[in-house]
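Peer 1: I'm passing along data.cif; it holds mmCIF, C-alpha atoms, pLDDT in the B column; chains and numbers go by the auth columns.
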data_work
#
loop_
_atom_site.group_PDB
_atom_site.id
_atom_site.type_symbol
_atom_site.label_atom_id
_atom_site.label_comp_id
_atom_site.label_asym_id
_atom_site.label_seq_id
_atom_site.Cartn_x
_atom_site.Cartn_y
_atom_site.Cartn_z
_atom_site.B_iso_or_equiv
_atom_site.auth_seq_id
_atom_site.auth_asym_id
ATOM 1 C CA MET A 1 135.009 32.139 73.918 47.00 12 A
ATOM 2 C CA HIS A 2 133.447 35.580 74.366 51.00 13 A
ATOM 3 C CA ASN A 3 133.522 36.885 77.943 54.00 14 A
ATOM 4 C CA LYS A 4 130.666 39.392 77.725 72.00 15 A
ATOM 5 C CA LYS A 5 127.725 37.724 76.119 82.00 16 A
ATOM 6 C CA PRO A 6 124.225 39.205 76.311 87.00 17 A
ATOM 7 C CA THR A 7 121.304 37.046 77.346 95.00 18 A
ATOM 8 C CA ILE A 8 119.717 35.711 74.185 97.00 19 A
ATOM 9 C CA TYR A 9 115.947 35.231 74.200 98.00 20 A
ATOM 10 C CA LEU A 10 115.388 34.789 70.462 98.00 21 A
ATOM 11 C CA VAL A 11 117.474 33.296 67.664 98.00 22 A
ATOM 12 C CA ALA A 12 116.564 34.146 64.048 98.00 23 A
ATOM 13 C CA VAL A 13 118.437 32.028 61.547 98.00 24 A
ATOM 14 C CA ASP A 14 118.364 31.748 57.772 98.00 25 A
ATOM 15 C CA MET A 15 118.141 28.336 56.123 97.00 26 A
ATOM 16 C CA ASP A 16 119.665 28.108 52.629 96.00 27 A
ATOM 17 C CA GLY A 17 123.390 28.787 52.716 96.00 28 A
ATOM 18 C CA THR A 18 123.265 29.040 56.517 98.00 29 A
ATOM 19 C CA LEU A 19 121.710 26.081 58.347 98.00 30 A
ATOM 20 C CA LEU A 20 121.635 23.952 55.212 98.00 31 A
ATOM 21 C CA HIS A 21 124.525 22.507 53.252 98.00 32 A
ATOM 22 C CA ASN A 22 124.791 23.295 49.561 96.00 33 A
ATOM 23 C CA ASP A 23 122.870 20.116 48.697 96.00 34 A
ATOM 24 C CA LYS A 24 120.004 21.368 50.943 96.00 35 A
ATOM 25 C CA SER A 25 120.700 18.748 53.614 97.00 36 A
ATOM 26 C CA ILE A 26 121.043 19.534 57.311 98.00 37 A
ATOM 27 C CA SER A 27 123.465 17.716 59.606 98.00 38 A
ATOM 28 C CA ASP A 28 122.549 15.805 62.737 97.00 39 A
ATOM 29 C CA TYR A 29 124.897 18.102 64.639 98.00 40 A
ATOM 30 C CA THR A 30 123.009 21.210 63.518 98.00 41 A
ATOM 31 C CA ILE A 31 119.645 19.632 64.318 98.00 42 A
ATOM 32 C CA ASN A 32 120.857 18.715 67.809 98.00 43 A
ATOM 33 C CA VAL A 33 122.038 22.285 68.448 98.00 44 A
ATOM 34 C CA LEU A 34 118.681 23.662 67.324 98.00 45 A
ATOM 35 C CA ARG A 35 116.845 21.209 69.576 98.00 46 A
ATOM 36 C CA LYS A 36 118.964 22.247 72.563 98.00 47 A
ATOM 37 C CA ILE A 37 118.154 25.905 71.915 98.00 48 A
ATOM 38 C CA VAL A 38 114.416 25.190 72.004 98.00 49 A
ATOM 39 C CA GLU A 39 114.798 22.950 75.071 98.00 50 A
ATOM 40 C CA LYS A 40 116.592 25.801 76.834 97.00 51 A
ATOM 41 C CA GLY A 41 113.475 27.937 76.409 97.00 52 A
ATOM 42 C CA ILE A 42 114.915 30.241 73.751 98.00 53 A
ATOM 43 C CA LEU A 43 112.697 31.105 70.803 98.00 54 A
ATOM 44 C CA LEU A 44 114.109 29.652 67.606 98.00 55 A
ATOM 45 C CA VAL A 45 112.787 31.464 64.536 98.00 56 A
ATOM 46 C CA PRO A 46 113.688 30.139 61.070 98.00 57 A
ATOM 47 C CA ALA A 47 113.893 33.137 58.729 98.00 58 A
ATOM 48 C CA SER A 48 113.864 32.244 55.071 96.00 59 A
ATOM 49 C CA GLY A 49 112.866 33.190 51.576 93.00 60 A
ATOM 50 C CA ARG A 50 110.905 29.936 51.624 93.00 61 A
ATOM 51 C CA PRO A 51 107.204 29.655 52.441 91.00 62 A
ATOM 52 C CA LEU A 52 106.271 27.763 55.593 94.00 63 A
ATOM 53 C CA ASN A 53 105.840 24.436 53.790 92.00 64 A
ATOM 54 C CA GLY A 54 109.361 24.772 52.412 92.00 65 A
ATOM 55 C CA MET A 55 110.749 24.862 55.955 95.00 66 A
ATOM 56 C CA LYS A 56 109.161 21.647 57.152 95.00 67 A
ATOM 57 C CA ALA A 57 111.376 18.886 55.761 93.00 68 A
ATOM 58 C CA ALA A 58 114.692 20.313 56.918 94.00 69 A
ATOM 59 C CA VAL A 59 113.856 22.124 60.154 97.00 70 A
ATOM 60 C CA LEU A 60 110.267 22.207 61.405 97.00 71 A
ATOM 61 C CA ASN A 61 109.745 18.442 61.229 96.00 72 A
ATOM 62 C CA ASN A 62 113.081 17.800 62.951 97.00 73 A
ATOM 63 C CA VAL A 63 112.919 20.397 65.721 98.00 74 A
ATOM 64 C CA LYS A 64 109.764 20.325 67.805 96.00 75 A
ATOM 65 C CA GLY A 65 108.582 23.389 69.684 97.00 76 A
ATOM 66 C CA ILE A 66 109.292 26.078 67.081 98.00 77 A
ATOM 67 C CA LYS A 67 106.530 28.659 67.477 98.00 78 A
ATOM 68 C CA TYR A 68 107.246 31.312 64.846 98.00 79 A
ATOM 69 C CA ALA A 69 108.787 31.548 61.394 98.00 80 A
ATOM 70 C CA ILE A 70 109.687 34.435 59.098 98.00 81 A
ATOM 71 C CA CYS A 71 108.761 33.401 55.556 96.00 82 A
ATOM 72 C CA SER A 72 109.064 34.756 52.007 94.00 83 A
ATOM 73 C CA ASN A 73 111.896 37.149 52.920 95.00 84 A
ATOM 74 C CA GLY A 74 109.764 38.685 55.678 96.00 85 A
ATOM 75 C CA ALA A 75 106.570 39.112 53.662 95.00 86 A
ATOM 76 C CA MET A 76 104.894 36.662 56.054 96.00 87 A
ATOM 77 C CA LEU A 77 105.353 36.201 59.794 97.00 88 A
ATOM 78 C CA MET A 78 103.781 32.878 60.710 97.00 89 A
ATOM 79 C CA ASP A 79 102.480 31.120 63.799 97.00 90 A
ATOM 80 C CA VAL A 80 104.009 27.719 63.068 97.00 91 A
ATOM 81 C CA GLN A 81 101.811 25.573 65.255 95.00 92 A
ATOM 82 C CA LYS A 82 98.556 27.097 63.974 96.00 93 A
ATOM 83 C CA GLU A 83 99.968 27.551 60.447 94.00 94 A
ATOM 84 C CA LYS A 84 98.388 30.995 60.574 94.00 95 A
ATOM 85 C CA SER A 85 99.700 34.350 59.415 94.00 96 A
ATOM 86 C CA ILE A 86 100.500 36.916 62.099 96.00 97 A
ATOM 87 C CA SER A 87 101.395 39.661 59.627 95.00 98 A
ATOM 88 C CA GLU A 88 101.665 39.955 55.855 95.00 99 A
ATOM 89 C CA THR A 89 103.390 42.492 53.632 95.00 100 A
ATOM 90 C CA GLY A 90 102.775 41.264 50.126 94.00 101 A
ATOM 91 C CA ILE A 91 102.856 42.703 46.620 96.00 102 A
ATOM 92 C CA PRO A 92 99.576 44.197 45.319 95.00 103 A
ATOM 93 C CA THR A 93 98.250 42.306 42.297 94.00 104 A
ATOM 94 C CA GLU A 94 98.589 45.334 40.017 94.00 105 A
ATOM 95 C CA LYS A 95 102.283 45.649 40.830 95.00 106 A
ATOM 96 C CA ALA A 96 102.819 41.891 40.567 93.00 107 A
ATOM 97 C CA LEU A 97 101.402 42.000 37.033 92.00 108 A
ATOM 98 C CA LYS A 98 103.730 44.854 36.092 93.00 109 A
ATOM 99 C CA ALA A 99 106.679 42.934 37.523 93.00 110 A
ATOM 100 C CA LEU A 100 105.663 39.818 35.592 89.00 111 A
ATOM 101 C CA ALA A 101 105.437 41.805 32.338 88.00 112 A
ATOM 102 C CA TYR A 102 108.885 43.261 32.999 91.00 113 A
ATOM 103 C CA LEU A 103 110.503 39.907 33.773 88.00 114 A
ATOM 104 C CA GLU A 104 108.986 38.271 30.695 83.00 115 A
ATOM 105 C CA GLN A 105 111.255 40.469 28.557 86.00 116 A
ATOM 106 C CA PHE A 106 114.206 38.379 29.725 87.00 117 A
ATOM 107 C CA PRO A 107 115.123 34.664 29.541 86.00 118 A
ATOM 108 C CA VAL A 108 114.052 33.855 33.086 86.00 119 A
ATOM 109 C CA ALA A 109 111.677 31.397 34.771 85.00 120 A
ATOM 110 C CA VAL A 110 109.321 33.158 37.151 87.00 121 A
ATOM 111 C CA TYR A 111 107.860 31.747 40.356 88.00 122 A
ATOM 112 C CA VAL A 112 105.330 33.252 42.722 90.00 123 A
ATOM 113 C CA HIS A 113 104.758 32.693 46.437 90.00 124 A
ATOM 114 C CA THR A 114 101.146 33.364 47.430 90.00 125 A
ATOM 115 C CA ASP A 115 98.958 32.891 50.466 89.00 126 A
ATOM 116 C CA LYS A 116 97.493 29.851 48.666 85.00 127 A
ATOM 117 C CA GLY A 117 100.742 28.154 47.741 84.00 128 A
ATOM 118 C CA THR A 118 103.755 28.482 45.482 84.00 129 A
ATOM 119 C CA PHE A 119 103.581 28.404 41.710 79.00 130 A
ATOM 120 C CA ARG A 120 106.875 27.460 40.082 70.00 131 A
ATOM 121 C CA ALA A 121 108.000 26.988 36.522 53.00 132 A
ATOM 122 C CA GLU A 122 108.154 23.210 36.891 50.00 133 A
ATOM 123 C CA GLY A 123 104.670 23.136 38.398 47.00 134 A
ATOM 124 C CA TRP A 124 102.829 25.047 35.719 44.00 135 A
ATOM 125 C CA GLU A 125 101.914 21.894 33.823 45.00 136 A
ATOM 126 C CA LYS A 126 100.154 20.507 36.897 46.00 137 A
ATOM 127 C CA THR A 127 98.206 23.709 37.498 50.00 138 A
ATOM 128 C CA GLY A 128 97.414 24.376 33.862 48.00 139 A
ATOM 129 C CA LEU A 129 99.551 27.492 33.991 49.00 140 A
ATOM 130 C CA SER A 130 102.242 28.743 31.688 53.00 141 A
ATOM 131 C CA GLU A 131 104.417 31.827 31.731 55.00 142 A
ATOM 132 C CA LYS A 132 102.001 33.435 29.292 57.00 143 A
ATOM 133 C CA ASN A 133 98.875 32.934 31.383 72.00 144 A
ATOM 134 C CA LEU A 134 100.353 33.281 34.863 77.00 145 A
ATOM 135 C CA GLY A 135 99.267 36.913 34.764 80.00 146 A
ATOM 136 C CA GLU A 136 95.681 35.905 34.056 81.00 147 A
ATOM 137 C CA PHE A 137 95.848 33.483 36.956 81.00 148 A
ATOM 138 C CA LEU A 138 96.975 36.270 39.295 85.00 149 A
ATOM 139 C CA LYS A 139 94.138 38.485 38.077 86.00 150 A
ATOM 140 C CA THR A 140 91.348 35.952 38.548 86.00 151 A
ATOM 141 C CA SER A 141 92.354 33.521 41.303 86.00 152 A
ATOM 142 C CA GLY A 142 92.085 35.856 44.265 87.00 153 A
ATOM 143 C CA VAL A 143 95.486 34.864 45.636 89.00 154 A
ATOM 144 C CA ASN A 144 97.611 37.393 47.510 92.00 155 A
ATOM 145 C CA VAL A 145 101.173 37.574 46.200 94.00 156 A
ATOM 146 C CA MET A 146 103.756 37.475 48.989 95.00 157 A
ATOM 147 C CA LYS A 147 106.853 37.556 46.792 94.00 158 A
ATOM 148 C CA MET A 148 108.020 36.783 43.284 93.00 159 A
ATOM 149 C CA GLY A 149 111.270 35.448 41.941 90.00 160 A
ATOM 150 C CA ALA A 150 113.151 34.525 38.814 89.00 161 A
ATOM 151 C CA PHE A 151 115.668 31.845 37.945 88.00 162 A
ATOM 152 C CA VAL A 152 118.096 33.692 35.692 87.00 163 A
ATOM 153 C CA LEU A 153 120.061 31.864 33.014 80.00 164 A
ATOM 154 C CA THR A 154 123.375 33.700 33.388 83.00 165 A
ATOM 155 C CA ASP A 155 125.214 35.517 36.159 82.00 166 A
ATOM 156 C CA GLU A 156 125.745 38.385 33.735 86.00 167 A
ATOM 157 C CA LEU A 157 121.997 38.832 33.267 88.00 168 A
ATOM 158 C CA ALA A 158 121.360 38.523 37.006 88.00 169 A
ATOM 159 C CA GLN A 159 123.896 41.260 37.694 88.00 170 A
ATOM 160 C CA LYS A 160 122.376 43.431 34.974 89.00 171 A
ATOM 161 C CA LEU A 161 118.894 43.106 36.467 90.00 172 A
ATOM 162 C CA LEU A 162 120.187 43.922 39.939 89.00 173 A
ATOM 163 C CA GLU A 163 122.109 46.949 38.709 90.00 174 A
ATOM 164 C CA LYS A 164 119.083 48.262 36.813 89.00 175 A
ATOM 165 C CA GLY A 165 116.941 47.702 39.872 89.00 176 A
ATOM 166 C CA SER A 166 113.191 47.503 40.026 92.00 177 A
ATOM 167 C CA PRO A 167 111.271 49.663 37.545 94.00 178 A
ATOM 168 C CA ILE A 168 108.131 49.281 39.676 95.00 179 A
ATOM 169 C CA PRO A 169 107.789 51.656 42.656 95.00 180 A
ATOM 170 C CA GLY A 170 107.283 49.768 45.903 95.00 181 A
ATOM 171 C CA ILE A 171 109.029 46.601 44.725 96.00 182 A
ATOM 172 C CA ALA A 172 112.638 45.732 45.586 94.00 183 A
ATOM 173 C CA PHE A 173 114.935 43.316 43.735 93.00 184 A
ATOM 174 C CA LEU A 174 117.146 41.113 45.933 89.00 185 A
ATOM 175 C CA ARG A 175 119.885 38.587 45.264 85.00 186 A
ATOM 176 C CA THR A 176 119.036 35.458 47.244 85.00 187 A
ATOM 177 C CA GLY A 177 121.317 32.902 45.606 78.00 188 A
ATOM 178 C CA ASP A 178 123.334 32.138 42.506 80.00 189 A
ATOM 179 C CA GLY A 179 121.157 32.944 39.517 83.00 190 A
ATOM 180 C CA ILE A 180 118.170 33.826 41.695 87.00 191 A
ATOM 181 C CA ILE A 181 116.563 37.249 41.954 90.00 192 A
ATOM 182 C CA GLU A 182 113.557 37.763 44.188 92.00 193 A
ATOM 183 C CA LEU A 183 111.036 40.567 44.334 94.00 194 A
ATOM 184 C CA ASN A 184 109.438 41.785 47.539 95.00 195 A
ATOM 185 C CA SER A 185 107.457 44.761 48.678 96.00 196 A
ATOM 186 C CA THR A 186 109.859 47.458 49.843 95.00 197 A
ATOM 187 C CA ASN A 187 108.023 47.262 53.180 94.00 198 A
ATOM 188 C CA ALA A 188 108.770 43.545 53.525 96.00 199 A
ATOM 189 C CA SER A 189 112.062 42.331 54.963 96.00 200 A
ATOM 190 C CA LYS A 190 113.320 39.831 57.470 97.00 201 A
ATOM 191 C CA GLY A 191 114.374 42.758 59.644 97.00 202 A
ATOM 192 C CA ASN A 192 110.873 44.264 59.662 97.00 203 A
ATOM 193 C CA ALA A 193 109.298 40.901 60.462 97.00 204 A
ATOM 194 C CA LEU A 194 111.796 40.387 63.272 98.00 205 A
ATOM 195 C CA TYR A 195 110.940 43.809 64.688 97.00 206 A
ATOM 196 C CA ILE A 196 107.190 43.041 64.549 97.00 207 A
ATOM 197 C CA LEU A 197 107.702 39.717 66.329 98.00 208 A
ATOM 198 C CA CYS A 198 109.938 41.174 69.031 98.00 209 A
ATOM 199 C CA GLU A 199 107.470 44.001 69.655 97.00 210 A
ATOM 200 C CA LYS A 200 104.639 41.482 69.935 97.00 211 A
ATOM 201 C CA LEU A 201 106.606 39.369 72.430 98.00 212 A
ATOM 202 C CA GLY A 202 108.198 42.217 74.374 98.00 213 A
ATOM 203 C CA ILE A 203 111.737 41.146 73.478 98.00 214 A
ATOM 204 C CA GLN A 204 114.456 43.765 73.070 97.00 215 A
ATOM 205 C CA LEU A 205 116.471 43.510 69.865 97.00 216 A
ATOM 206 C CA GLU A 206 119.672 43.582 71.927 97.00 217 A
ATOM 207 C CA ASN A 207 118.631 40.148 73.196 98.00 218 A
ATOM 208 C CA VAL A 208 118.242 38.740 69.672 98.00 219 A
ATOM 209 C CA LEU A 209 120.842 36.772 67.720 98.00 220 A
ATOM 210 C CA ALA A 210 120.595 36.508 63.925 98.00 221 A
ATOM 211 C CA ILE A 211 122.615 34.566 61.349 98.00 222 A
ATOM 212 C CA GLY A 212 122.437 34.706 57.556 98.00 223 A
ATOM 213 C CA ASP A 213 124.376 34.585 54.326 97.00 224 A
ATOM 214 C CA ASN A 214 122.634 36.590 51.624 94.00 225 A
ATOM 215 C CA GLU A 215 121.301 40.003 50.702 92.00 226 A
ATOM 216 C CA ASN A 216 117.834 39.204 52.030 94.00 227 A
ATOM 217 C CA ASP A 217 119.405 38.663 55.479 97.00 228 A
ATOM 218 C CA ILE A 218 121.045 42.093 55.782 97.00 229 A
ATOM 219 C CA SER A 219 118.092 43.875 57.414 97.00 230 A
ATOM 220 C CA MET A 220 117.806 41.081 59.983 98.00 231 A
ATOM 221 C CA LEU A 221 121.522 41.176 60.755 98.00 232 A
ATOM 222 C CA GLN A 222 121.406 44.949 61.186 98.00 233 A
ATOM 223 C CA ALA A 223 118.419 44.705 63.550 97.00 234 A
ATOM 224 C CA ALA A 224 119.755 42.032 65.909 98.00 235 A
ATOM 225 C CA GLY A 225 121.950 42.755 68.908 97.00 236 A
ATOM 226 C CA ILE A 226 124.273 39.885 67.972 97.00 237 A
ATOM 227 C CA SER A 227 124.640 39.052 64.291 98.00 238 A
ATOM 228 C CA ALA A 228 126.824 36.751 62.244 98.00 239 A
ATOM 229 C CA ALA A 229 127.307 36.381 58.525 98.00 240 A
ATOM 230 C CA MET A 230 128.424 33.052 57.191 98.00 241 A
ATOM 231 C CA ARG A 231 131.946 32.706 55.836 98.00 242 A
ATOM 232 C CA ASN A 232 130.383 31.789 52.493 97.00 243 A
ATOM 233 C CA ALA A 233 128.438 35.092 52.436 96.00 244 A
ATOM 234 C CA GLU A 234 129.146 37.986 50.069 91.00 245 A
ATOM 235 C CA ASP A 235 131.177 40.904 51.424 95.00 246 A
ATOM 236 C CA ASP A 236 128.180 43.236 51.761 95.00 247 A
ATOM 237 C CA VAL A 237 126.493 40.718 54.051 97.00 248 A
ATOM 238 C CA LYS A 238 129.610 40.331 56.167 98.00 249 A
ATOM 239 C CA GLN A 239 129.856 44.095 56.504 97.00 250 A
ATOM 240 C CA ALA A 240 126.320 44.202 57.907 97.00 251 A
ATOM 241 C CA ALA A 241 127.110 41.666 60.649 98.00 252 A
ATOM 242 C CA LYS A 242 129.119 41.978 63.843 97.00 253 A
ATOM 243 C CA PHE A 243 130.770 38.562 63.458 98.00 254 A
ATOM 244 C CA VAL A 244 131.588 35.996 60.791 98.00 255 A
ATOM 245 C CA ALA A 245 130.621 32.381 61.434 98.00 256 A
ATOM 246 C CA GLY A 246 132.094 29.349 59.707 98.00 257 A
ATOM 247 C CA ASN A 247 131.128 27.987 56.316 98.00 258 A
ATOM 248 C CA ASN A 248 127.687 26.417 55.868 98.00 259 A
ATOM 249 C CA GLU A 249 129.323 23.211 54.603 98.00 260 A
ATOM 250 C CA GLU A 250 131.090 22.962 57.979 98.00 261 A
ATOM 251 C CA ASP A 251 128.017 23.684 60.142 98.00 262 A
ATOM 252 C CA GLY A 252 129.333 27.164 60.914 98.00 263 A
ATOM 253 C CA ALA A 253 125.951 28.478 62.069 98.00 264 A
ATOM 254 C CA ALA A 254 125.489 25.652 64.577 98.00 265 A
ATOM 255 C CA HIS A 255 129.005 26.145 65.970 98.00 266 A
ATOM 256 C CA PHE A 256 128.330 29.879 66.414 98.00 267 A
ATOM 257 C CA LEU A 257 125.007 29.186 68.116 98.00 268 A
ATOM 258 C CA GLU A 258 126.584 26.637 70.425 97.00 269 A
ATOM 259 C CA GLU A 259 129.164 29.182 71.534 96.00 270 A
ATOM 260 C CA TRP A 260 126.830 32.114 71.975 96.00 271 A
ATOM 261 C CA VAL A 261 123.594 30.515 73.152 96.00 272 A
ATOM 262 C CA LEU A 262 124.233 27.126 74.768 94.00 273 A
#
Would you put the structure from the file into structure tokens?
Peer 2:
Amino acid sequence: MHNKKPTIYLVAVDMDGTLLHNDKSISDYTINVLRKIVEKGILLVPASGRPLNGMKAAVLNNVKGIKYAICSNGAMLMDVQKEKSISETGIPTEKALKALAYLEQFPVAVYVHTDKGTFRAEGWEKTGLSEKNLGEFLKTSGVNVMKMGAFVLTDELAQKLLEKGSPIPGIAFLRTGDGIIELNSTNASKGNALYILCEKLGIQLENVLAIGDNENDISMLQAAGISAAMRNAEDDVKQAAKFVAGNNEEDGAAHFLEEWVL
């Protein structure tokens, strides 16, 4: 146990690779810990690359009383109960089109998170979209792009794209999972969204605890007073955190939260 623990008023926690097991399930133990945090009056804020709807099955439907969520790698800060955006930092359509044209040079499957829903490779048939006319859809539909991403066929190609970096000013490439590269505005991050929320609520960052496992969590871990990277995280994520929690397959995040918050 840690003898000198700050008072925690807000917990920001990633989902995939952190709260969730590798098969995307969440344990009863983890759910019970999350419920106890909310019951204690502490703000529990899921912080994910997912849109709000993608958080419902695993967390939001199982843990009542969650008020805020950081979505799309911080591009959207959401009021959960109203399902309304508090702040948005998306990708301008012009830049999204340039990013799409760049990605289409490679063997990748692109997906787009917008303020009107998510358009994925496997869903294009249902929407009448294809990789070739996704750009036309973005031009004419009036949607606002929150983030983009690509499922990459090989680790070698993923590493190559990350090393080359974004050729479009104002867009950042992030590794968010094996074979997954995501694109966000350089002004969008989980850390920035966390700062906006804490400023809105009058909560000091020293009274915030954050847990994550991937590159898109680094800004959040650096912002929080108490931070933990998962044992299954890459080294650069661990270096950004003050502590290392257990593996996601062993409910490491929930064990860390139980020690530090409950």
Peer 1: Given the file shown, enumerate the residues that the PyMOL selection byres ((chain A and resi 173-176) around 12) captures and present them as an MDAnalysis selection string.
Peer 2: chainID A and resid 110 113:114 161 163 166:172 177:187 190:194 226
Peer 1: Calculated over all atoms listed in the file, which of the candidates A:Leu205, A:Leu145, A:Val44, A:Val121 has the smallest distance to Val74 in chain A?
Peer 2: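 Using all atoms listed in the file, the shortest distance to Val74 in chain A belongs to A:Val44.
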Peer 1: Could you please determine the separation between CA of Asn155 in chain A and CA of Ile81 in chain A in Å, to one decimal place?
Peer 2: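 Separating CA of Asn155 in chain A from CA of Ile81 in chain A is a distance of 17.0 Å.
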Peer 1: Given the file shown, determine the residues that the PyMOL selection byres ((chain A and resi 55-58) around 8) selects; report them as a list in words.
Peer 2: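 Applied to this file, the PyMOL selection byres ((chain A and resi 55-58) around 8) returns Leu21, Val22, Ala23, Val24, Asp25, Met26, Leu45, Ile48, Val49, Ile53, Leu54, Ser59, Gly60, Met66, Ile77, Lys78, Tyr79, Ala80, Ile81, Cys82, Asn84, Gly85 and Lys201 of chain A.
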Peer 1: Enumerate, as a VMD selection string, the residues matched when the PyMOL selection byres ((chain A and resi 96-99) around 9) is run on the file above.
Peer 2: chain A and resid 85 to 91 93 to 95 100 to 101 157 199 204 207 to 208
Peer 1: Taking only C-alpha atoms into account, name the residue in A:Val156, A:Leu220, A:Ala251, A:Ile214 that is nearest to Thr129 in chain A.
Peer 2: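 Looking at the shortest contact to Thr129 in chain A, the residue is A:Val156.
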Peer 1: Enter the distance from CA of Val70 in chain A to CA of Ala221 in chain A, in Å, rounded to one decimal.
Peer 2: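 Interatomic distance, CA of Val70 in chain A to CA of Ala221 in chain A: 16.3 Å.
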Peer 1: Report as a compact mmCIF listing (two decimals) with C-alpha atoms, in the coordinates of the input all protein, DNA and RNA residues lying within 12 Å of range 247-250 of chain A, evaluated on only C-alpha atoms, omitting residues in the same chain fewer than 4 positions from it.
Peer 2:
# COMPACT_ATOMS: atom_id res chain seq x y z
CA ARG A 186 119.88 38.59 45.26
CA THR A 187 119.04 35.46 47.24
CA ILE A 222 122.62 34.57 61.35
CA GLY A 223 122.44 34.71 57.56
CA ASP A 224 124.38 34.58 54.33
CA ASN A 225 122.63 36.59 51.62
CA GLU A 226 121.30 40.00 50.70
CA ASN A 227 117.83 39.20 52.03
CA ASP A 228 119.40 38.66 55.48
CA ILE A 229 121.04 42.09 55.78
CA SER A 230 118.09 43.88 57.41
CA MET A 231 117.81 41.08 59.98
CA LEU A 232 121.52 41.18 60.76
CA GLN A 233 121.41 44.95 61.19
CA SER A 238 124.64 39.05 64.29
CA ALA A 239 126.82 36.75 62.24
CA ALA A 240 127.31 36.38 58.52
CA MET A 241 128.42 33.05 57.19
CA ARG A 242 131.95 32.71 55.84
CA ASN A 243 130.38 31.79 52.49
CA PHE A 254 130.77 38.56 63.46
CA VAL A 255 131.59 36.00 60.79
CA ALA A 256 130.62 32.38 61.43
CA GLY A 257 132.09 29.35 59.71
